[in-house]
>>> print(open('my_file00.txt').read())   # compact mmCIF, C-alpha atoms (C1' of nucleotides)
# COMPACT_ATOMS: atom_id res chain seq x y z
CA MET A 1 188.63 -25.31 36.58
CA SER A 2 188.58 -28.87 35.44
CA LYS A 3 185.78 -30.38 33.47
CA ARG A 4 185.18 -32.96 36.14
CA HIS A 5 184.19 -30.17 38.42
CA PHE A 6 180.94 -29.73 36.58
CA ASP A 7 180.09 -33.37 36.70
CA LYS A 8 179.83 -33.38 40.43
CA PRO A 9 176.32 -33.03 41.81
CA LYS A 10 175.59 -29.66 43.35
CA VAL A 11 174.90 -29.19 47.01
CA ILE A 12 173.83 -25.79 48.24
CA VAL A 13 175.07 -24.71 51.64
CA ILE A 14 173.41 -21.89 53.52
CA MET A 15 175.45 -20.86 56.48
CA GLY A 16 176.13 -17.77 58.50
CA GLN A 17 175.12 -15.97 61.62
CA THR A 18 172.24 -16.91 63.80
CA ALA A 19 168.97 -15.05 63.38
CA THR A 20 169.72 -13.88 59.87
CA GLY A 21 166.96 -15.89 58.23
CA LYS A 22 168.89 -18.89 56.96
CA SER A 23 165.97 -21.28 57.36
CA ALA A 24 163.58 -19.05 55.43
CA LEU A 25 166.06 -18.57 52.62
CA ALA A 26 166.69 -22.30 52.44
CA VAL A 27 162.99 -23.01 52.10
CA LYS A 28 162.64 -20.39 49.41
CA ILE A 29 165.48 -21.82 47.40
CA ALA A 30 164.21 -25.35 47.91
CA LYS A 31 160.83 -24.34 46.51
CA LYS A 32 162.38 -22.67 43.56
CA ILE A 33 164.81 -25.36 42.48
CA GLY A 34 163.30 -28.49 43.94
CA GLY A 35 165.46 -29.02 46.96
CA GLU A 36 165.34 -30.74 50.31
CA ILE A 37 166.92 -29.38 53.43
CA ILE A 38 169.50 -30.88 55.75
CA SER A 39 169.90 -28.95 58.97
CA ALA A 40 173.43 -28.38 60.23
CA ASP A 41 172.76 -27.32 63.77
CA SER A 42 174.32 -29.06 66.73
CA ARG A 43 171.31 -28.51 68.95
CA GLN A 44 168.34 -28.71 66.66
CA VAL A 45 169.09 -32.41 66.35
CA TYR A 46 167.55 -32.79 69.79
CA LYS A 47 163.88 -33.32 70.35
CA GLY A 48 162.22 -30.78 72.57
CA LEU A 49 164.79 -28.04 72.06
CA ASP A 50 162.55 -25.92 69.89
CA ILE A 51 162.20 -22.40 71.15
CA GLY A 52 165.68 -21.97 72.57
CA THR A 53 167.36 -23.14 69.40
CA GLY A 54 165.11 -21.19 67.07
CA LYS A 55 163.97 -24.33 65.36
CA ILE A 56 161.86 -23.94 62.27
CA PHE A 57 158.12 -24.55 62.74
CA THR A 58 156.46 -27.20 60.64
CA LYS A 59 154.30 -24.65 58.90
CA GLU A 60 157.36 -22.59 57.99
CA MET A 61 158.76 -25.59 56.17
CA LYS A 62 156.06 -25.12 53.55
CA GLY A 63 156.04 -28.76 52.67
CA ILE A 64 159.78 -28.97 52.06
CA SER A 65 161.41 -32.02 53.64
CA HIS A 66 163.81 -31.24 56.47
CA TYR A 67 166.34 -33.72 57.83
CA LEU A 68 168.52 -34.02 60.92
CA ILE A 69 166.11 -32.12 63.10
CA ASP A 70 164.58 -33.90 66.12
CA ILE A 71 166.58 -37.08 65.69
CA GLU A 72 168.05 -37.52 69.17
CA SER A 73 166.89 -37.34 72.74
CA PRO A 74 168.41 -34.43 74.66
CA LYS A 75 169.43 -36.91 77.31
CA ASN A 76 171.94 -38.42 74.90
CA LYS A 77 174.88 -36.77 73.26
CA PHE A 78 175.09 -36.23 69.56
CA THR A 79 178.45 -35.70 67.89
CA ALA A 80 179.96 -34.14 64.81
CA ALA A 81 180.92 -37.52 63.42
CA GLN A 82 177.38 -38.79 63.75
CA PHE A 83 176.25 -35.71 61.95
CA LYS A 84 178.71 -36.23 59.16
CA GLU A 85 177.64 -39.77 58.62
CA LEU A 86 173.91 -39.05 58.62
CA ALA A 87 174.23 -35.93 56.51
CA GLU A 88 176.23 -37.71 53.84
CA GLU A 89 173.64 -40.43 53.76
CA LYS A 90 170.89 -37.86 53.30
CA ILE A 91 172.78 -36.05 50.56
CA LYS A 92 173.06 -39.27 48.63
CA GLU A 93 169.39 -40.07 49.05
CA ILE A 94 168.21 -36.64 47.99
CA ILE A 95 170.36 -36.68 44.89
CA ALA A 96 169.13 -40.16 44.05
CA ARG A 97 165.64 -38.72 44.15
CA GLY A 98 166.68 -36.15 41.58
CA LYS A 99 166.53 -33.25 43.98
CA THR A 100 169.11 -30.78 45.24
CA PRO A 101 170.36 -31.09 48.82
CA ILE A 102 170.45 -27.83 50.73
CA ILE A 103 172.53 -27.84 53.87
CA CYS A 104 171.41 -25.08 56.18
CA GLY A 105 172.78 -24.20 59.56
CA GLY A 106 175.11 -22.24 61.76
CA THR A 107 177.39 -24.90 63.19
CA GLY A 108 180.60 -24.28 61.28
CA PHE A 109 182.32 -27.40 62.48
CA TYR A 110 179.51 -29.59 61.23
CA ILE A 111 179.45 -27.90 57.86
CA ASP A 112 183.19 -28.19 57.43
CA ALA A 113 183.03 -31.85 58.37
CA ILE A 114 181.04 -32.38 55.20
CA THR A 115 182.25 -29.77 52.77
CA LYS A 116 185.97 -30.07 53.51
CA GLY A 117 186.02 -33.83 53.31
CA VAL A 118 187.84 -34.22 56.61
CA VAL A 119 188.05 -37.79 57.77
CA PHE A 120 187.86 -38.06 61.52
CA PRO A 121 189.59 -40.92 63.31
CA GLU A 122 186.99 -43.56 63.91
CA VAL A 123 187.07 -43.66 67.65
CA PRO A 124 183.76 -43.17 69.38
CA PRO A 125 183.71 -41.21 72.61
CA ASN A 126 184.65 -43.19 75.68
CA TYR A 127 182.76 -41.33 78.37
CA PRO A 128 184.10 -43.22 81.40
CA LEU A 129 187.64 -42.55 80.21
CA ARG A 130 186.85 -38.88 79.60
CA LYS A 131 185.42 -38.57 83.05
CA LYS A 132 188.54 -40.06 84.56
CA LEU A 133 190.90 -37.93 82.50
CA ALA A 134 188.95 -34.78 83.31
CA LEU A 135 190.19 -35.08 86.88
CA ALA A 136 193.77 -34.42 85.80
CA ASN A 137 195.08 -30.98 84.92
CA ASP A 138 196.32 -29.91 81.51
CA ARG A 139 199.98 -30.48 82.34
CA ALA A 140 199.41 -34.03 83.49
CA LEU A 141 197.35 -34.74 80.39
CA MET A 142 200.05 -33.29 78.18
CA LEU A 143 202.68 -35.53 79.77
CA LYS A 144 200.46 -38.52 79.25
CA LEU A 145 199.87 -37.66 75.62
CA LYS A 146 203.58 -37.08 75.05
CA LYS A 147 204.21 -40.56 76.28
CA ILE A 148 201.71 -42.35 74.07
CA ASP A 149 201.74 -40.07 71.05
CA PRO A 150 204.64 -37.59 70.89
CA GLU A 151 203.72 -36.69 67.34
CA ARG A 152 200.28 -35.38 68.19
CA ALA A 153 201.61 -33.77 71.37
CA LYS A 154 203.80 -31.55 69.22
CA ASN A 155 201.03 -29.58 67.62
CA ILE A 156 198.16 -29.85 70.04
CA ASP A 157 197.06 -26.86 72.11
CA PRO A 158 198.72 -27.78 75.42
CA LYS A 159 196.18 -25.92 77.55
CA ASN A 160 193.03 -27.23 75.99
CA LYS A 161 191.85 -30.09 78.15
CA VAL A 162 189.00 -31.08 75.87
CA ARG A 163 191.40 -31.55 72.95
CA LEU A 164 193.98 -33.30 75.10
CA ILE A 165 191.43 -35.73 76.41
CA ARG A 166 190.15 -36.54 72.95
CA ALA A 167 193.71 -37.04 71.68
CA ILE A 168 194.46 -39.45 74.50
CA GLU A 169 191.19 -41.22 73.85
CA ILE A 170 192.14 -41.74 70.20
CA ALA A 171 195.71 -42.67 70.92
CA LYS A 172 194.61 -45.26 73.45
CA ALA A 173 192.28 -46.85 70.93
CA LEU A 174 194.48 -46.69 67.83
CA GLY A 175 197.98 -46.49 69.24
CA LYS A 176 198.33 -42.95 67.99
CA VAL A 177 196.33 -40.12 66.53
CA PRO A 178 196.35 -40.50 62.75
CA HIS A 179 197.28 -37.59 60.55
CA LEU A 180 194.26 -35.70 59.44
CA ALA A 181 193.12 -37.24 56.21
CA VAL A 182 191.25 -35.21 53.65
CA LYS A 183 189.17 -36.89 51.02
CA PRO A 184 188.28 -34.69 48.06
CA PRO A 185 184.55 -34.03 48.30
CA SER A 186 182.38 -35.76 45.77
CA TYR A 187 180.03 -32.83 45.43
CA LYS A 188 180.22 -29.29 44.27
CA PHE A 189 179.30 -27.19 47.26
CA ILE A 190 177.85 -23.78 46.64
CA LYS A 191 178.28 -21.85 49.85
CA ILE A 192 176.12 -18.90 50.64
CA GLY A 193 176.77 -16.99 53.84
CA LEU A 194 174.25 -14.73 55.50
CA TYR A 195 175.32 -11.92 57.77
CA LEU A 196 173.90 -8.75 59.26
CA PRO A 197 175.63 -5.59 60.42
CA ALA A 198 175.96 -5.67 64.22
CA GLU A 199 173.31 -3.05 64.90
CA LYS A 200 170.69 -4.74 62.79
CA LEU A 201 171.57 -8.14 64.14
CA LYS A 202 171.16 -6.94 67.68
CA LYS A 203 167.73 -5.55 66.97
CA LYS A 204 166.66 -8.74 65.33
CA VAL A 205 168.05 -10.90 68.11
CA ALA A 206 166.37 -8.77 70.77
CA LYS A 207 163.06 -9.12 69.00
CA ARG A 208 163.47 -12.82 68.63
CA VAL A 209 164.45 -13.33 72.25
CA LYS A 210 161.53 -11.28 73.47
CA LYS A 211 159.28 -13.58 71.53
CA MET A 212 161.01 -16.62 73.05
CA PHE A 213 160.00 -15.45 76.48
CA ASN A 214 156.55 -14.17 75.56
CA PRO A 215 155.31 -15.98 72.51
CA PRO A 216 151.94 -14.86 71.19
CA ALA A 217 150.68 -18.42 71.30
CA GLY A 218 151.83 -19.05 74.86
CA GLY A 219 154.30 -21.70 76.02
CA GLY A 220 157.65 -19.94 75.90
CA LEU A 221 161.21 -20.88 76.63
CA LEU A 222 160.66 -21.27 80.35
CA ASP A 223 157.86 -23.73 79.73
CA GLU A 224 160.09 -25.60 77.35
CA ILE A 225 162.76 -25.92 80.04
CA LYS A 226 160.16 -27.09 82.55
CA LYS A 227 159.03 -29.74 80.14
CA LEU A 228 162.60 -30.90 79.53
CA LYS A 229 163.22 -31.17 83.24
CA LYS A 230 160.04 -33.08 83.73
CA SER A 231 161.08 -35.55 81.07
CA GLY A 232 164.24 -36.24 83.02
CA VAL A 233 166.86 -33.91 81.56
CA SER A 234 169.21 -32.94 84.38
CA ASP A 235 170.31 -29.42 85.24
CA LYS A 236 173.83 -30.36 84.32
CA ARG A 237 172.72 -31.51 80.91
CA LEU A 238 170.62 -28.39 80.40
CA LYS A 239 173.70 -26.31 81.05
CA GLU A 240 175.54 -28.25 78.37
CA LEU A 241 172.77 -27.57 75.92
CA GLY A 242 173.51 -23.88 75.93
CA PHE A 243 172.95 -20.66 77.77
CA GLU A 244 169.28 -20.55 76.76
CA TYR A 245 168.60 -23.65 78.78
CA TYR A 246 170.10 -22.81 82.12
CA LYS A 247 168.43 -20.08 84.16
CA PRO A 248 167.95 -17.81 81.19
CA THR A 249 166.97 -14.17 81.32
CA GLN A 250 166.21 -12.06 78.29
CA GLU A 251 169.37 -10.05 78.77
CA LYS A 252 171.51 -13.14 79.15
CA VAL A 253 170.11 -14.75 76.05
CA ILE A 254 170.48 -11.62 73.93
CA ASN A 255 174.10 -11.11 74.99
CA GLY A 256 174.91 -14.77 74.63
CA THR A 257 173.44 -14.86 71.17
CA MET A 258 175.42 -11.84 70.06
CA GLN A 259 178.61 -13.40 71.35
CA TYR A 260 177.79 -16.56 69.53
CA ALA A 261 177.14 -14.69 66.30
CA LYS A 262 180.57 -13.14 66.59
CA ARG A 263 182.24 -16.49 67.11
CA GLN A 264 180.40 -17.86 64.14
CA MET A 265 181.91 -15.14 62.00
CA THR A 266 185.46 -15.88 63.12
CA TRP A 267 184.88 -19.43 62.05
CA PHE A 268 183.28 -18.67 58.71
CA LYS A 269 185.63 -15.84 57.81
CA ARG A 270 188.40 -18.25 56.98
CA ASP A 271 186.37 -20.05 54.37
CA LYS A 272 187.06 -18.19 51.18
CA GLU A 273 184.52 -20.19 49.20
CA ILE A 274 181.58 -18.55 50.89
CA LYS A 275 179.66 -15.97 48.93
CA TRP A 276 178.36 -13.51 51.44
CA LEU A 277 174.98 -11.89 51.37
CA ASN A 278 173.78 -9.09 53.59
CA ALA A 279 170.59 -10.57 55.02
CA SER A 280 168.92 -7.20 55.37
CA LYS A 281 169.08 -6.80 51.61
CA ILE A 282 167.13 -9.96 51.00
CA THR A 283 163.50 -9.03 50.69
CA LYS A 284 160.55 -11.33 50.37
CA ASP A 285 160.85 -11.27 46.61
CA TYR A 286 164.58 -11.50 46.41
CA PRO A 287 165.25 -12.66 42.88
CA LEU A 288 167.10 -15.90 43.13
C1' G B 10 173.21 19.88 111.17
C1' C B 11 176.53 16.12 113.67
C1' G B 12 178.89 11.33 113.19
C1' U B 13 180.62 6.95 110.70
C1' C B 14 181.88 4.48 106.41
C1' G B 15 182.73 4.73 101.30
C1' A B 16 184.23 6.87 96.13
C1' U B 17 189.73 2.45 92.13
C1' G B 18 190.32 1.03 84.79
C1' G B 19 184.04 -0.48 80.17
C1' U B 20 181.53 -3.02 84.72
C1' A B 21 182.02 -5.71 89.42
C1' G B 22 185.86 -5.84 92.86
C1' A B 23 191.13 -6.50 95.34
C1' G B 24 194.98 -3.43 96.88
C1' U B 25 195.79 0.40 102.38
C1' G B 26 203.36 4.12 101.81
C1' G B 27 207.96 1.70 97.30
C1' U B 28 207.93 -4.79 94.29
C1' C B 29 201.17 -0.75 91.09
C1' A B 30 199.58 0.85 84.72
C1' A B 31 197.13 -1.46 89.61
C1' A B 32 195.14 -8.85 91.42
C1' U B 33 190.79 -11.44 89.89
C1' A B 34 186.23 -11.94 87.34
C1' C B 35 183.03 -10.33 83.62
C1' G B 36 182.62 -7.53 79.23
C1' A B 37 185.11 -5.88 74.59
C1' C B 38 188.55 -7.05 70.60
C1' A B 39 191.48 -10.66 67.99
C1' C B 40 192.79 -15.70 67.15
C1' G B 41 192.80 -21.14 67.25
C1' C B 42 190.32 -25.85 66.75
C1' U B 43 191.59 -34.13 64.46
C1' G B 44 184.08 -37.43 67.01
C1' U B 45 181.63 -32.15 73.52
C1' A B 46 181.74 -27.05 68.61
C1' A B 47 176.06 -22.01 71.14
C1' A B 48 181.37 -26.44 73.51
C1' C B 49 186.65 -25.86 74.49
C1' G B 50 191.26 -23.08 74.46
C1' U B 51 194.87 -18.80 73.60
C1' G B 52 196.33 -13.58 73.26
C1' U B 53 195.39 -8.23 73.81
C1' U B 54 192.52 -4.81 76.65
C1' G B 55 195.24 3.73 79.78
C1' C B 56 198.17 6.54 75.90
C1' C B 57 202.75 6.74 72.91
C1' U B 58 206.85 3.65 71.32
C1' U B 59 212.70 2.97 67.07
C1' C B 60 209.68 -2.64 71.84
C1' G B 61 214.85 -0.67 75.41
C1' G B 62 211.34 2.26 77.35
C1' G B 63 208.61 6.97 77.79
C1' C B 64 204.12 9.61 79.48
C1' U B 65 199.33 10.49 82.18
C1' U B 66 195.99 7.53 85.79
C1' C B 67 192.83 5.14 91.51
C1' G B 68 186.03 11.35 92.85
C1' G B 69 188.14 17.24 92.65
C1' G B 70 191.80 20.50 94.86
C1' G B 71 195.81 21.18 98.26
C1' G B 72 199.60 19.04 101.53
C1' U B 73 203.24 15.41 104.11
C1' U B 74 207.22 12.24 102.06
C1' C B 75 213.18 10.64 98.53
C1' G B 76 208.47 8.06 97.09
C1' A B 77 201.07 8.22 97.72
C1' A B 78 195.62 4.48 94.93
C1' U B 79 197.47 3.96 99.97
C1' C B 80 198.86 9.18 105.20
C1' C B 81 196.83 14.48 106.44
C1' C B 82 193.47 18.80 105.21
C1' U B 83 189.46 20.43 102.33
C1' C B 84 185.53 20.21 98.73
C1' U B 85 181.85 17.23 95.90
C1' C B 86 178.85 12.98 95.77
C1' G B 87 176.68 8.28 98.01
C1' A B 88 175.22 4.74 102.11
C1' C B 89 174.04 4.20 107.04
C1' G B 90 173.35 6.09 112.10
C1' C B 91 172.06 10.27 115.46
C1' A B 92 169.31 14.58 115.38
>>> encode(input="my_file00.txt", output="structure tokens")
Amino acid sequence: MSKRHFDKPKVIVIMGQTATGKSALAVKIAKKIGGEIISADSRQVYKGLDIGTGKIFTKEMKGISHYLIDIESPKNKFTAAQFKELAEEKIKEIIARGKTPIICGGTGFYIDAITKGVVFPEVPPNYPLRKKLALANDRALMLKLKKIDPERAKNIDPKNKVRLIRAIEIAKALGKVPHLAVKPPSYKFIKIGLYLPAEKLKKKVAKRVKKMFNPPAGGGLLDEIKKLKKSGVSDKRLKELGFEYYKPTQEKVINGTMQYAKRQMTWFKRDKEIKWLNASKITKDYPL
RNA sequence: GCGUCGAUGGUAGAGUGGUCAAAUACGACACGCUGUAAACGUGUUGCCUUCGGGCUUCGGGGGUUCGAAUCCCUCUCGACGCA
């Protein structure tokens, strides 16, 4: 460990499976050490997606500032690069204020975008082009990519249309897809992962989903969807926003959430810097 | 009670004499990821294997055949129709 390591400002990262109590833990830590919270959730950035995404209620924030929640209309698309830019801005601001940034969320890709210092090629999405390319099949796209960027074509997943389309999009704009650049992060990230054994997680998810459909205060998930539709969010867009938002049933949402939790773990498992905590062992007075 | 149809792998559902360990979908498990990431993609999914193959499967039992998930008989269960 170099000395410089200690000079870097600390950023706490709370990640892990859905429904394990990340938000609550983040608030608790923030209270204790004087922190402010940056959400790392690809869907909580949207206004009006509250119940389905398990967004934290204002009163649960307990006066702690939260950022990158409710910053975009669900009619528009928000991307990982936008997240990276905004989050880095917020980190800087919070540190300048003498507080500790706490990144909290379950979207692994977003978290890695910040903590791993990956520099994405600066090519914004070109939706008309994507739409056009989506008409072609994977083989045709692969041939096209080979022609304009044989280098990238070598190691791309040849069957993944989404990746192929993005690669072509970049190559068209820049001539070729640049090699992935990694900039050493300017912060010391302390990563805490929350997980629950499958049985416990399932119970917790089931409870949470039940509440989504029948909240004590009224106005559940179905009302939320109605409201979104009324405000002009299309069915197609609702589908994109996740399984909770397109013809959900309790069973569907529970199963979908469990599948998601599993996928989250395959993502996080590779990150050896994470210190894992069993969420069921964290009590209200967990000594931090 | 008579008649008709049906019973297939974790589920749904193809297959109707050999090319069937059995399509496809879902689920399950594992894995990947260069601005969609709760997205998107890939692999495995009867058992054993020295990875060549071997063994047991299509409601139960019996039979026909060189060969049966597929044909015949019978039993069990289910749906519908007639009583």
>>> residues_around(input="my_file00.txt", residues="B:A16", least_positions_apart="6", cutoff="12 Å", atoms="all atoms listed in the file", output="VMD selection string")
chain B and resid 67 to 69 78 85 to 88
>>> closest_atom_pairs(input="my_file00.txt", of="chain A", to="chain B", cutoff="7 Å", atoms="all atoms listed in the file", output="JSON lines")
{"residue": "A:Thr79", "atom": "CA", "partner": "B:G44", "partner_atom": "C1'", "distance": 6.0}
{"residue": "A:Ala80", "atom": "CA", "partner": "B:G44", "partner_atom": "C1'", "distance": 5.7}
{"residue": "A:Ala81", "atom": "CA", "partner": "B:G44", "partner_atom": "C1'", "distance": 4.8}
{"residue": "A:Phe109", "atom": "CA", "partner": "B:A46", "partner_atom": "C1'", "distance": 6.2}
{"residue": "A:Phe120", "atom": "CA", "partner": "B:U43", "partner_atom": "C1'", "distance": 6.2}
{"residue": "A:Val123", "atom": "CA", "partner": "B:G44", "partner_atom": "C1'", "distance": 6.9}
{"residue": "A:Pro124", "atom": "CA", "partner": "B:G44", "partner_atom": "C1'", "distance": 6.2}
{"residue": "A:Pro125", "atom": "CA", "partner": "B:G44", "partner_atom": "C1'", "distance": 6.8}
{"residue": "A:Lys159", "atom": "CA", "partner": "B:G50", "partner_atom": "C1'", "distance": 6.5}
{"residue": "A:Asn160", "atom": "CA", "partner": "B:G50", "partner_atom": "C1'", "distance": 4.8}
{"residue": "A:Val162", "atom": "CA", "partner": "B:C49", "partner_atom": "C1'", "distance": 5.9}
{"residue": "A:Leu180", "atom": "CA", "partner": "B:U43", "partner_atom": "C1'", "distance": 5.9}
{"residue": "A:Gly242", "atom": "CA", "partner": "B:A47", "partner_atom": "C1'", "distance": 5.7}
{"residue": "A:Tyr260", "atom": "CA", "partner": "B:A47", "partner_atom": "C1'", "distance": 5.9}
>>> write_last_selection(input="my_file00.txt", atoms="C-alpha atoms", output="PDB file, keeping the file's coordinate frame")
ATOM      1  CA  THR A  79     178.450 -35.700  67.890  1.00  0.00           C
ATOM      2  CA  ALA A  80     179.960 -34.140  64.810  1.00  0.00           C
ATOM      3  CA  ALA A  81     180.920 -37.520  63.420  1.00  0.00           C
ATOM      4  CA  PHE A 109     182.320 -27.400  62.480  1.00  0.00           C
ATOM      5  CA  PHE A 120     187.860 -38.060  61.520  1.00  0.00           C
ATOM      6  CA  VAL A 123     187.070 -43.660  67.650  1.00  0.00           C
ATOM      7  CA  PRO A 124     183.760 -43.170  69.380  1.00  0.00           C
ATOM      8  CA  PRO A 125     183.710 -41.210  72.610  1.00  0.00           C
ATOM      9  CA  LYS A 159     196.180 -25.920  77.550  1.00  0.00           C
ATOM     10  CA  ASN A 160     193.030 -27.230  75.990  1.00  0.00           C
ATOM     11  CA  VAL A 162     189.000 -31.080  75.870  1.00  0.00           C
ATOM     12  CA  LEU A 180     194.260 -35.700  59.440  1.00  0.00           C
ATOM     13  CA  GLY A 242     173.510 -23.880  75.930  1.00  0.00           C
ATOM     14  CA  TYR A 260     177.790 -16.560  69.530  1.00  0.00           C
TER      15      TYR A 260
END
>>> atom_distance(input="my_file00.txt", atom1="atom CA of A:Ile69", atom2="atom CA of A:Ser39")
6.4 Å
>>> residues_around(input="my_file00.txt", residues="stretch 140-146 of chain A", least_positions_apart="6", cutoff="10 Å", atoms="only C-alpha atoms (C1' of nucleotides)", output="PyMOL selection string")
chain A and resi 133-134+152-154+156-161+164-165+167-169+171-172+176
>>> residues_around(input="my_file00.txt", residues="B:U65", least_positions_apart="6", cutoff="12 Å", atoms="all atoms listed in the file", output="ChimeraX atom specification")
/B:30,55-57
>>> write_last_selection(input="my_file00.txt", atoms="C-alpha atoms (C1' of nucleotides)", output="mmCIF file, in the frame of the given file")
data_model
loop_
_atom_site.group_PDB
_atom_site.id
_atom_site.type_symbol
_atom_site.label_atom_id
_atom_site.label_comp_id
_atom_site.auth_asym_id
_atom_site.auth_seq_id
_atom_site.Cartn_x
_atom_site.Cartn_y
_atom_site.Cartn_z
ATOM 1 C "C1'" A B 30 199.580 0.850 84.720
ATOM 2 C "C1'" G B 55 195.240 3.730 79.780
ATOM 3 C "C1'" C B 56 198.170 6.540 75.900
ATOM 4 C "C1'" C B 57 202.750 6.740 72.910
#
>>> atom_distance(input="my_file00.txt", atom1="atom CA of A:Ala26", atom2="atom CA of A:Phe213")
25.9 Å
>>> residues_around(input="my_file00.txt", residues="B:C29", least_positions_apart="2", cutoff="12 Å", atoms="all atoms listed in the file", output="ChimeraX atom specification")
/B:17,24,26-27,31-32,66-67,77-79
>>> axis_aligned_box(input="my_file00.txt", around="stretch 72-88 of chain B", padding_each_side="4 Å", output="JSON")
{"center_x": 194.2, "center_y": 12.2, "center_z": 100.7, "size_x": 46.0, "size_y": 24.5, "size_z": 19.5}
>>> atom_distance(input="my_file00.txt", atom1="atom CA of A:Lys191", atom2="atom CA of A:Met15")
7.3 Å
>>> residues_around(input="my_file00.txt", residues="A:Ser186", least_positions_apart="6", cutoff="10 Å", atoms="all atoms listed in the file", output="ChimeraX atom specification")
/A:5,7-10,115,117
